[in-house]
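start-v4.cif, holding mmCIF, C-alpha atoms and all ligand atoms:
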data_final
loop_
_atom_site.label_atom_id
_atom_site.label_comp_id
_atom_site.auth_asym_id
_atom_site.auth_seq_id
_atom_site.Cartn_x
_atom_site.Cartn_y
_atom_site.Cartn_z
CA MET A 1 -9.71 -31.19 -19.17
CA ILE A 2 -6.07 -31.99 -18.47
CA LEU A 3 -5.72 -28.62 -16.74
CA ASP A 4 -8.86 -29.28 -14.68
CA THR A 5 -7.49 -32.66 -13.62
CA ALA A 6 -4.11 -31.13 -12.74
CA ARG A 7 -5.80 -28.40 -10.73
CA PHE A 8 -7.98 -30.92 -8.92
CA SER A 9 -4.88 -32.96 -8.07
CA ILE A 10 -3.02 -29.93 -6.76
CA GLU A 11 -5.99 -28.87 -4.64
CA PHE A 12 -6.39 -32.41 -3.35
CA LEU A 13 -2.72 -32.69 -2.42
CA PHE A 14 -2.32 -29.10 -1.21
CA PRO A 15 -5.72 -27.84 -0.01
CA ALA A 16 -6.07 -24.06 0.12
CA SER A 17 -5.34 -22.72 3.60
CA CYS A 18 -5.68 -19.36 5.32
CA PRO A 19 -2.20 -17.76 5.21
CA LEU A 20 -2.54 -16.50 8.79
CA CYS A 21 -4.00 -19.44 10.74
CA GLY A 22 -3.78 -22.37 8.33
CA SER A 23 -7.48 -23.31 8.40
CA ARG A 24 -9.18 -24.49 5.18
CA VAL A 25 -10.44 -21.84 2.76
CA SER A 26 -11.90 -22.12 -0.74
CA THR A 27 -9.22 -20.12 -2.59
CA ASN A 28 -5.49 -20.09 -1.97
CA GLY A 29 -4.23 -16.84 -0.44
CA GLU A 30 -7.60 -15.83 0.97
CA LEU A 31 -8.19 -15.25 4.67
CA CYS A 32 -10.64 -17.40 6.64
CA ALA A 33 -13.71 -15.61 8.00
CA ASP A 34 -12.30 -15.35 11.54
CA CYS A 35 -8.98 -13.82 10.43
CA TRP A 36 -10.79 -11.47 8.04
CA ALA A 37 -13.04 -10.25 10.87
CA ALA A 38 -10.02 -9.41 13.07
CA PHE A 39 -8.94 -6.55 10.75
CA ASN A 40 -10.35 -3.05 10.98
CA TRP A 41 -11.17 -2.64 7.26
CA ILE A 42 -11.73 0.95 6.16
CA SER A 43 -14.95 1.84 4.36
CA ALA A 44 -17.15 4.94 4.13
CA PRO A 45 -17.41 7.38 5.76
CA ARG A 46 -13.82 8.38 5.09
CA CYS A 47 -11.93 11.42 3.83
CA VAL A 48 -12.42 11.56 0.04
CA LYS A 49 -8.82 12.70 -0.43
CA CYS A 50 -6.58 10.76 2.00
CA GLY A 51 -8.99 7.98 3.02
CA TYR A 52 -8.81 8.78 6.76
CA PRO A 53 -11.60 6.75 8.43
CA PHE A 54 -14.36 8.67 10.19
CA PRO A 55 -16.66 7.29 12.91
CA ALA A 56 -19.68 5.61 11.32
CA ASN A 57 -22.12 8.11 12.84
CA LEU A 58 -20.32 11.20 11.52
CA ASP A 59 -22.22 12.87 8.68
CA LEU A 60 -20.02 15.38 6.85
CA GLY A 61 -21.90 15.32 3.53
CA ALA A 62 -21.19 13.61 0.22
CA ALA A 63 -17.50 14.57 -0.08
CA PRO A 64 -16.10 14.73 3.47
CA LEU A 65 -12.56 16.01 4.08
CA CYS A 66 -10.47 15.37 7.19
CA PRO A 67 -8.93 18.43 8.94
CA ASN A 68 -5.49 17.70 7.38
CA CYS A 69 -6.87 17.67 3.84
CA ALA A 70 -9.19 20.62 4.51
CA SER A 71 -6.13 22.68 5.51
CA GLY A 72 -4.12 21.51 2.46
CA ASP A 73 -1.60 19.40 4.42
CA CYS A 74 -2.07 16.29 2.25
CA VAL A 75 -0.11 16.88 -0.96
CA LEU A 76 -1.02 13.69 -2.83
CA ASP A 77 -4.01 13.73 -5.16
CA LEU A 78 -5.57 10.72 -3.44
CA ILE A 79 -4.62 8.08 -0.85
CA ARG A 80 -6.44 4.89 0.10
CA SER A 81 -5.60 2.23 2.67
CA ALA A 82 -7.31 -1.12 3.14
CA CYS A 83 -7.29 -1.17 6.94
CA VAL A 84 -6.23 0.60 10.12
CA TYR A 85 -2.80 -0.14 11.63
CA ASP A 86 -3.62 -2.02 14.85
CA ALA A 87 -2.71 -5.28 16.59
CA ALA A 88 -4.24 -7.43 13.81
CA SER A 89 -2.61 -5.65 10.87
CA ARG A 90 0.70 -5.30 12.72
CA ALA A 91 0.72 -9.08 13.29
CA ALA A 92 0.48 -9.53 9.52
CA VAL A 93 2.68 -6.67 8.30
CA LEU A 94 5.73 -7.29 10.50
CA PRO A 95 6.27 -10.95 9.43
CA PHE A 96 5.43 -9.97 5.83
CA LYS A 97 8.11 -7.30 5.91
CA HIS A 98 10.79 -8.83 8.09
CA ALA A 99 10.27 -12.61 8.25
CA GLY A 100 9.73 -13.67 4.66
CA ARG A 101 5.96 -14.29 4.84
CA ILE A 102 5.60 -13.18 1.25
CA ARG A 103 2.45 -15.25 0.68
CA TYR A 104 0.56 -12.62 2.71
CA SER A 105 0.90 -10.37 -0.35
CA THR A 106 -2.09 -12.12 -1.97
CA PHE A 107 -4.74 -11.10 0.55
CA MET A 108 -3.07 -7.75 1.24
CA SER A 109 -2.98 -6.70 -2.41
CA ARG A 110 -6.56 -7.91 -2.94
CA ALA A 111 -7.69 -5.71 -0.05
CA MET A 112 -5.77 -2.75 -1.53
CA ILE A 113 -7.44 -3.22 -4.93
CA TRP A 114 -10.77 -3.31 -3.07
CA ALA A 115 -9.84 -0.05 -1.28
CA LEU A 116 -9.35 1.66 -4.67
CA ARG A 117 -12.59 0.37 -6.18
CA ASP A 118 -14.74 3.49 -5.73
CA THR A 119 -12.09 6.01 -6.78
CA ASN A 120 -11.98 7.29 -10.34
CA ILE A 121 -8.19 7.48 -10.64
CA SER A 122 -6.58 6.22 -13.84
CA PRO A 123 -2.82 5.93 -13.17
CA ASP A 124 -0.40 5.38 -16.06
CA VAL A 125 2.01 3.46 -13.91
CA VAL A 126 2.25 1.71 -10.52
CA MET A 127 5.39 2.40 -8.46
CA PRO A 128 6.27 0.53 -5.27
CA VAL A 129 7.99 2.79 -2.75
CA PRO A 130 11.68 2.12 -3.50
CA LEU A 131 13.83 0.32 -0.96
CA ALA A 132 17.47 1.30 -0.42
CA TYR A 133 19.79 -1.26 -2.02
CA ARG A 134 21.35 -2.15 1.33
CA ARG A 135 17.91 -3.11 2.72
CA LEU A 136 16.99 -4.99 -0.44
CA PHE A 137 20.26 -6.92 -0.16
CA HIS A 138 19.60 -7.96 3.46
CA ARG A 139 15.84 -8.57 3.16
CA GLY A 140 15.94 -10.21 -0.25
CA TYR A 141 12.74 -8.56 -1.46
CA ASN A 142 10.92 -5.25 -1.49
CA GLN A 143 7.59 -5.93 0.23
CA SER A 144 6.00 -3.00 -1.64
CA THR A 145 6.90 -4.57 -4.99
CA LEU A 146 5.13 -7.78 -3.96
CA LEU A 147 2.00 -5.72 -3.21
CA ALA A 148 2.31 -3.56 -6.32
CA ARG A 149 2.52 -6.39 -8.86
CA PRO A 150 -1.09 -7.68 -8.49
CA ILE A 151 -2.37 -4.09 -8.25
CA ALA A 152 -0.68 -3.18 -11.56
CA ARG A 153 -2.14 -6.34 -13.09
CA ALA A 154 -5.65 -5.49 -11.84
CA LEU A 155 -5.39 -1.92 -13.19
CA ASP A 156 -3.74 -3.19 -16.40
CA VAL A 157 -0.88 -0.70 -16.20
CA PRO A 158 2.91 -1.27 -16.10
CA MET A 159 5.08 -1.09 -12.99
CA ASP A 160 7.96 1.34 -12.68
CA LEU A 161 10.74 -0.20 -10.58
CA ASP A 162 13.77 1.79 -11.62
CA SER A 163 12.97 5.45 -12.26
CA VAL A 164 13.54 6.41 -8.63
CA HIS A 165 16.42 5.33 -6.40
CA ARG A 166 16.52 5.51 -2.62
CA ILE A 167 19.66 6.12 -0.62
CA TYR A 168 20.17 4.29 2.68
CA ARG A 169 19.35 6.00 5.95
CA PRO A 170 19.12 4.25 9.35
CA ASP A 171 15.63 3.28 10.53
CA MET A 172 13.21 6.03 11.56
CA GLY A 173 11.90 4.08 14.56
CA HIS A 174 9.30 5.82 16.68
CA LYS A 175 10.04 9.40 15.75
CA SER A 176 7.70 12.36 15.62
CA ALA A 177 6.06 13.48 12.39
CA SER A 178 8.50 16.35 11.92
CA GLN A 179 11.53 14.11 12.65
CA ARG A 180 10.26 11.53 10.14
CA ALA A 181 9.80 14.23 7.49
CA GLU A 182 13.31 15.52 8.13
CA ASN A 183 14.81 12.02 8.09
CA ILE A 184 13.25 11.14 4.72
CA ARG A 185 14.05 14.41 2.97
CA GLY A 186 16.44 13.90 0.07
CA VAL A 187 16.50 10.07 0.13
CA PHE A 188 14.75 9.67 -3.25
CA GLN A 189 16.41 10.50 -6.55
CA VAL A 190 14.66 10.45 -9.90
CA VAL A 191 17.11 8.75 -12.26
CA CYS A 192 14.81 8.42 -15.32
CA PRO A 193 12.86 11.70 -15.52
CA ASP A 194 11.65 10.80 -19.03
CA LYS A 195 9.58 8.01 -17.49
CA ILE A 196 8.06 10.37 -14.91
CA ARG A 197 7.22 13.45 -16.99
CA GLY A 198 3.50 13.73 -17.72
CA ARG A 199 2.67 10.45 -15.94
CA LYS A 200 0.00 9.79 -13.33
CA ILE A 201 1.72 7.60 -10.75
CA LEU A 202 0.18 5.30 -8.14
CA LEU A 203 2.60 4.73 -5.23
CA VAL A 204 2.31 1.47 -3.28
CA ASP A 205 3.50 0.87 0.29
CA ASP A 206 2.66 -1.54 3.10
CA VAL A 207 2.06 0.96 5.91
CA MET A 208 1.37 4.71 6.02
CA THR A 209 2.51 6.18 9.33
CA THR A 210 2.66 9.99 9.03
CA GLY A 211 2.57 10.17 5.22
CA ALA A 212 6.14 11.59 5.16
CA THR A 213 7.40 8.96 2.69
CA PHE A 214 4.55 9.62 0.24
CA ALA A 215 4.95 13.40 0.64
CA GLU A 216 8.69 13.25 -0.13
CA LEU A 217 8.15 11.00 -3.15
CA HIS A 218 5.41 13.36 -4.31
CA ARG A 219 7.85 16.27 -4.04
CA VAL A 220 10.54 14.66 -6.23
CA LEU A 221 8.06 13.19 -8.72
CA MET A 222 6.25 16.50 -9.23
CA ARG A 223 9.59 18.26 -9.63
CA ALA A 224 10.38 15.71 -12.37
CA GLY A 225 7.11 16.63 -14.10
CA ALA A 226 4.64 13.97 -12.90
CA ALA A 227 1.02 14.79 -13.78
CA ALA A 228 -0.49 13.31 -10.59
CA VAL A 229 0.64 11.22 -7.63
CA TYR A 230 -1.69 8.83 -5.78
CA GLY A 231 -0.92 6.41 -2.96
CA VAL A 232 -2.30 3.11 -1.70
CA THR A 233 -1.20 1.18 1.38
CA PHE A 234 -2.34 -2.00 3.10
CA CYS A 235 -2.78 -0.23 6.43
CA ARG A 236 -2.44 3.22 7.91
CA VAL A 237 -1.98 4.73 11.32
CA ALA A 238 -5.25 6.50 12.11
CA HIS A 239 -4.74 8.49 15.31
CA ALA A 240 -7.43 10.99 16.21
CA ILE A 241 -6.87 14.19 14.22
ZN ZN A 301 -7.39 -17.66 9.32
ZN ZN A 302 -7.88 13.57 4.47
#
This structure in structure tokens:
Amino acid sequence: MILDTARFSIEFLFPASCPLCGSRVSTNGELCADCWAAFNWISAPRCVKCGYPFPANLDLGAAPLCPNCASGDCVLDLIRSACVYDAASRAAVLPFKHAGRIRYSTFMSRAMIWALRDTNISPDVVMPVPLAYRRLFHRGYNQSTLLARPIARALDVPMDLDSVHRIYRPDMGHKSASQRAENIRGVFQVVCPDKIRGRKILLVDDVMTTGATFAELHRVLMRAGAAAVYGVTFCRVAHAI
């Protein structure tokens, strides 16, 4: 009763608002209907392995694969993303990552949990993509950790924040897929292999561009004896392939 009264008072004094536009919503952290509709949320049909979205009218059977996965280019066991990287998701991700809008993590992580709902993965641990210490120092937070925490809670598994370190390299900018892969090679170091060996690991990131970051993490984690590596991101670049 006291808790109910306290909650009522808090909601009366600080009514729940959409984190993007500030309009009234029923639950704190949720998007209003208009902001929700602006995103290009990914649902079936999509690649069963990497989650690449297919046009709605494309019928590739019950377990469709994109050309990349069909040719074995995707090394992770499974990847899902909540939405496509476009003007709407960019307008949320950039302030989330660079301007301290950490409250966006609530709706982003909820959408990522939703994106994983029809997979049958059972990770042992959730690992946010590590940030180099120099970036963490300047930014003050790892945006992937903010997304990973509610996901780990929803899956009821622990987070691993310290088994892998990342060394600092200057920003990748708008480089080609091969340049990105080259730039990221060797930046991750497994420092606690005992916590990796035999584990099924779910990697969490805000954006998937070419998949080079996930692929490089997959390489070092498998070399350290991981049993499986999955990935989930809030949004992904989805150029025609
Ligand atoms: Zn809104
Ligand atoms: Zn695919």
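Considering the residues A:Arg24, A:Arg139, A:Arg149, A:Lys175 and counting all atoms listed in the file, Ser105 (chain A) has its shortest atom-to-atom contact with A:Arg149.
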Atomic distance CA of Arg219 (chain A) - CA of Tyr85 (chain A), expressed in Å with one decimal: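 The value is 25.1 Å.
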Expected answer as a count of residues only: residues within 7 Å of ligand ZN 301 (chain A), only C-alpha atoms and all ligand atoms: 11
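With CA of Ala152 (chain A) on one side and CA of Arg90 (chain A) on the other, the separation reads 24.4 Å.
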Expected answer as number ranges by chain: residues within 12 Å of ligand ZN 302 (chain A), all atoms listed in the file: A: 45-54, 63-81, 211, 238, 241
Write out as a CSV table (one decimal) with C-alpha atoms, in the frame of the given file each polymer residue whose atoms come within 7 Å of His218 (chain A), counting only C-alpha atoms; drop sequence neighbours fewer than 3 positions from it.
chain,number,residue,atom,x,y,z
A,76,LEU,CA,-1.0,13.7,-2.8
A,214,PHE,CA,4.6,9.6,0.2
A,215,ALA,CA,5.0,13.4,0.6
A,221,LEU,CA,8.1,13.2,-8.7
A,222,MET,CA,6.2,16.5,-9.2
A,229,VAL,CA,0.6,11.2,-7.6
Of the listed residues A:Trp114, A:Phe188, A:Phe137, A:Trp41, that which approaches Val220 (chain A) most closely, counting all atoms listed in the file: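 Of all the options, A:Phe188 lies closest to Val220 (chain A).
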Local residues around (-4.7, -7.0, 0.1), at most 10 Å away, using only C-alpha atoms, as a list in words: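 Protein, DNA and RNA residues close to (-4.7, -7.0, 0.1): Gly29, Glu30, Ser81, Ala82, Cys83, Tyr104, Ser105, Thr106, Phe107, Met108, Ser109, Arg110, Ala111, Met112, Ile113, Trp114, Ala115, Leu147, Pro150, Ile151, Asp206, Thr233, Phe234 and Cys235 of chain A.
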Point-to-point distance from CA of Ile184 (chain A) to CA of Thr145 (chain A), Å rounded to tenths: 19.5 Å
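Remark: for Arg236 (chain A), the closest of the candidate residues A:Asp160, A:Ser89, A:Thr27, A:Ala44 is A:Ser89 (distances computed over only C-alpha atoms).
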Nearest to Ser178 (chain A), chosen from A:Ala212, A:Val191, A:Asp124, A:Arg199, with only C-alpha atoms counted in the distances: A:Ala212
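In terms of minimum interatomic distance to Val157 (chain A), A:Lys200 ranks closest within A:Arg117, A:Lys200, A:Arg180, A:Arg169, counting only C-alpha atoms.
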Neighbour list for Met127 (chain A) as a list in words, cut-off 7 Å, only C-alpha atoms, skip fewer than 4 positions in-chain: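 Counting only the stated atoms, we get Met159, Asp160, Leu161, Ile201, Leu202, Leu203 and Val204 of chain A.
With distances restricted to only C-alpha atoms, A:Val125 is the closest residue to Ala154 (chain A) from A:Ala226, A:Val93, A:Ala37, A:Val125.
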Mind dumping region 180-206 of chain A from that block, keeping N, CA and C atoms, as a PDB file, in the first residue's frame?
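Below is the file that was written, selection-v1.pdb:
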ATOM      1  N   ARG A 180      37.533  -2.191 -42.695  1.00  0.00           N
ATOM      2  CA  ARG A 180      37.021  -2.322 -41.321  1.00  0.00           C
ATOM      3  C   ARG A 180      37.531  -3.610 -40.691  1.00  0.00           C
ATOM      4  N   ALA A 181      37.511  -4.699 -41.468  1.00  0.00           N
ATOM      5  CA  ALA A 181      37.976  -5.990 -40.952  1.00  0.00           C
ATOM      6  C   ALA A 181      39.458  -5.916 -40.588  1.00  0.00           C
ATOM      7  N   GLU A 182      40.222  -5.224 -41.431  1.00  0.00           N
ATOM      8  CA  GLU A 182      41.658  -5.102 -41.185  1.00  0.00           C
ATOM      9  C   GLU A 182      41.922  -4.234 -39.944  1.00  0.00           C
ATOM     10  N   ASN A 183      41.131  -3.151 -39.834  1.00  0.00           N
ATOM     11  CA  ASN A 183      41.309  -2.209 -38.733  1.00  0.00           C
ATOM     12  C   ASN A 183      40.998  -2.835 -37.375  1.00  0.00           C
ATOM     13  N   ILE A 184      40.070  -3.797 -37.352  1.00  0.00           N
ATOM     14  CA  ILE A 184      39.625  -4.362 -36.075  1.00  0.00           C
ATOM     15  C   ILE A 184      40.447  -5.597 -35.684  1.00  0.00           C
ATOM     16  N   ARG A 185      41.192  -6.115 -36.634  1.00  0.00           N
ATOM     17  CA  ARG A 185      41.926  -7.352 -36.365  1.00  0.00           C
ATOM     18  C   ARG A 185      42.957  -7.148 -35.248  1.00  0.00           C
ATOM     19  N   GLY A 186      42.894  -7.991 -34.253  1.00  0.00           N
ATOM     20  CA  GLY A 186      43.871  -7.944 -33.161  1.00  0.00           C
ATOM     21  C   GLY A 186      43.543  -6.979 -32.033  1.00  0.00           C
ATOM     22  N   VAL A 187      42.378  -6.301 -32.074  1.00  0.00           N
ATOM     23  CA  VAL A 187      42.098  -5.323 -31.004  1.00  0.00           C
ATOM     24  C   VAL A 187      41.568  -5.983 -29.731  1.00  0.00           C
ATOM     25  N   PHE A 188      41.043  -7.210 -29.850  1.00  0.00           N
ATOM     26  CA  PHE A 188      40.470  -7.871 -28.667  1.00  0.00           C
ATOM     27  C   PHE A 188      41.438  -8.902 -28.107  1.00  0.00           C
ATOM     28  N   GLN A 189      41.559  -8.916 -26.792  1.00  0.00           N
ATOM     29  CA  GLN A 189      42.422  -9.896 -26.128  1.00  0.00           C
ATOM     30  C   GLN A 189      41.627 -10.579 -25.032  1.00  0.00           C
ATOM     31  N   VAL A 190      41.609 -11.910 -25.078  1.00  0.00           N
ATOM     32  CA  VAL A 190      40.949 -12.662 -24.009  1.00  0.00           C
ATOM     33  C   VAL A 190      41.915 -12.712 -22.828  1.00  0.00           C
ATOM     34  N   VAL A 191      41.489 -12.118 -21.693  1.00  0.00           N
ATOM     35  CA  VAL A 191      42.370 -12.087 -20.527  1.00  0.00           C
ATOM     36  C   VAL A 191      41.955 -13.117 -19.470  1.00  0.00           C
ATOM     37  N   CYS A 192      40.730 -13.645 -19.562  1.00  0.00           N
ATOM     38  CA  CYS A 192      40.282 -14.693 -18.637  1.00  0.00           C
ATOM     39  C   CYS A 192      39.737 -15.875 -19.444  1.00  0.00           C
ATOM     40  N   PRO A 193      40.618 -16.655 -20.073  1.00  0.00           N
ATOM     41  CA  PRO A 193      40.135 -17.763 -20.908  1.00  0.00           C
ATOM     42  C   PRO A 193      39.295 -18.782 -20.136  1.00  0.00           C
ATOM     43  N   ASP A 194      39.525 -18.904 -18.823  1.00  0.00           N
ATOM     44  CA  ASP A 194      38.742 -19.856 -18.023  1.00  0.00           C
ATOM     45  C   ASP A 194      37.258 -19.511 -18.037  1.00  0.00           C
ATOM     46  N   LYS A 195      36.950 -18.217 -18.186  1.00  0.00           N
ATOM     47  CA  LYS A 195      35.543 -17.805 -18.206  1.00  0.00           C
ATOM     48  C   LYS A 195      34.924 -17.899 -19.600  1.00  0.00           C
ATOM     49  N   ILE A 196      35.742 -18.228 -20.582  1.00  0.00           N
ATOM     50  CA  ILE A 196      35.257 -18.322 -21.969  1.00  0.00           C
ATOM     51  C   ILE A 196      35.076 -19.783 -22.385  1.00  0.00           C
ATOM     52  N   ARG A 197      36.008 -20.627 -21.924  1.00  0.00           N
ATOM     53  CA  ARG A 197      36.041 -22.031 -22.363  1.00  0.00           C
ATOM     54  C   ARG A 197      34.714 -22.742 -22.086  1.00  0.00           C
ATOM     55  N   GLY A 198      34.153 -23.324 -23.159  1.00  0.00           N
ATOM     56  CA  GLY A 198      32.930 -24.108 -23.010  1.00  0.00           C
ATOM     57  C   GLY A 198      31.649 -23.294 -22.905  1.00  0.00           C
ATOM     58  N   ARG A 199      31.762 -21.956 -22.950  1.00  0.00           N
ATOM     59  CA  ARG A 199      30.585 -21.092 -22.752  1.00  0.00           C
ATOM     60  C   ARG A 199      29.919 -20.719 -24.082  1.00  0.00           C
ATOM     61  N   LYS A 200      28.601 -20.571 -24.020  1.00  0.00           N
ATOM     62  CA  LYS A 200      27.851 -20.012 -25.143  1.00  0.00           C
ATOM     63  C   LYS A 200      27.637 -18.528 -24.831  1.00  0.00           C
ATOM     64  N   ILE A 201      28.151 -17.679 -25.706  1.00  0.00           N
ATOM     65  CA  ILE A 201      28.249 -16.243 -25.391  1.00  0.00           C
ATOM     66  C   ILE A 201      27.360 -15.412 -26.327  1.00  0.00           C
ATOM     67  N   LEU A 202      26.546 -14.559 -25.740  1.00  0.00           N
ATOM     68  CA  LEU A 202      25.722 -13.630 -26.529  1.00  0.00           C
ATOM     69  C   LEU A 202      26.370 -12.247 -26.486  1.00  0.00           C
ATOM     70  N   LEU A 203      26.886 -11.797 -27.646  1.00  0.00           N
ATOM     71  CA  LEU A 203      27.497 -10.473 -27.755  1.00  0.00           C
ATOM     72  C   LEU A 203      26.417  -9.414 -27.959  1.00  0.00           C
ATOM     73  N   VAL A 204      26.619  -8.250 -27.367  1.00  0.00           N
ATOM     74  CA  VAL A 204      25.633  -7.163 -27.482  1.00  0.00           C
ATOM     75  C   VAL A 204      26.334  -5.905 -27.993  1.00  0.00           C
ATOM     76  N   ASP A 205      25.749  -5.285 -29.021  1.00  0.00           N
ATOM     77  CA  ASP A 205      26.294  -4.036 -29.561  1.00  0.00           C
ATOM     78  C   ASP A 205      25.134  -3.137 -29.975  1.00  0.00           C
ATOM     79  N   ASP A 206      25.414  -1.864 -30.176  1.00  0.00           N
ATOM     80  CA  ASP A 206      24.331  -0.954 -30.582  1.00  0.00           C
ATOM     81  C   ASP A 206      24.037  -1.047 -32.076  1.00  0.00           C
TER      82      ASP A 206
END
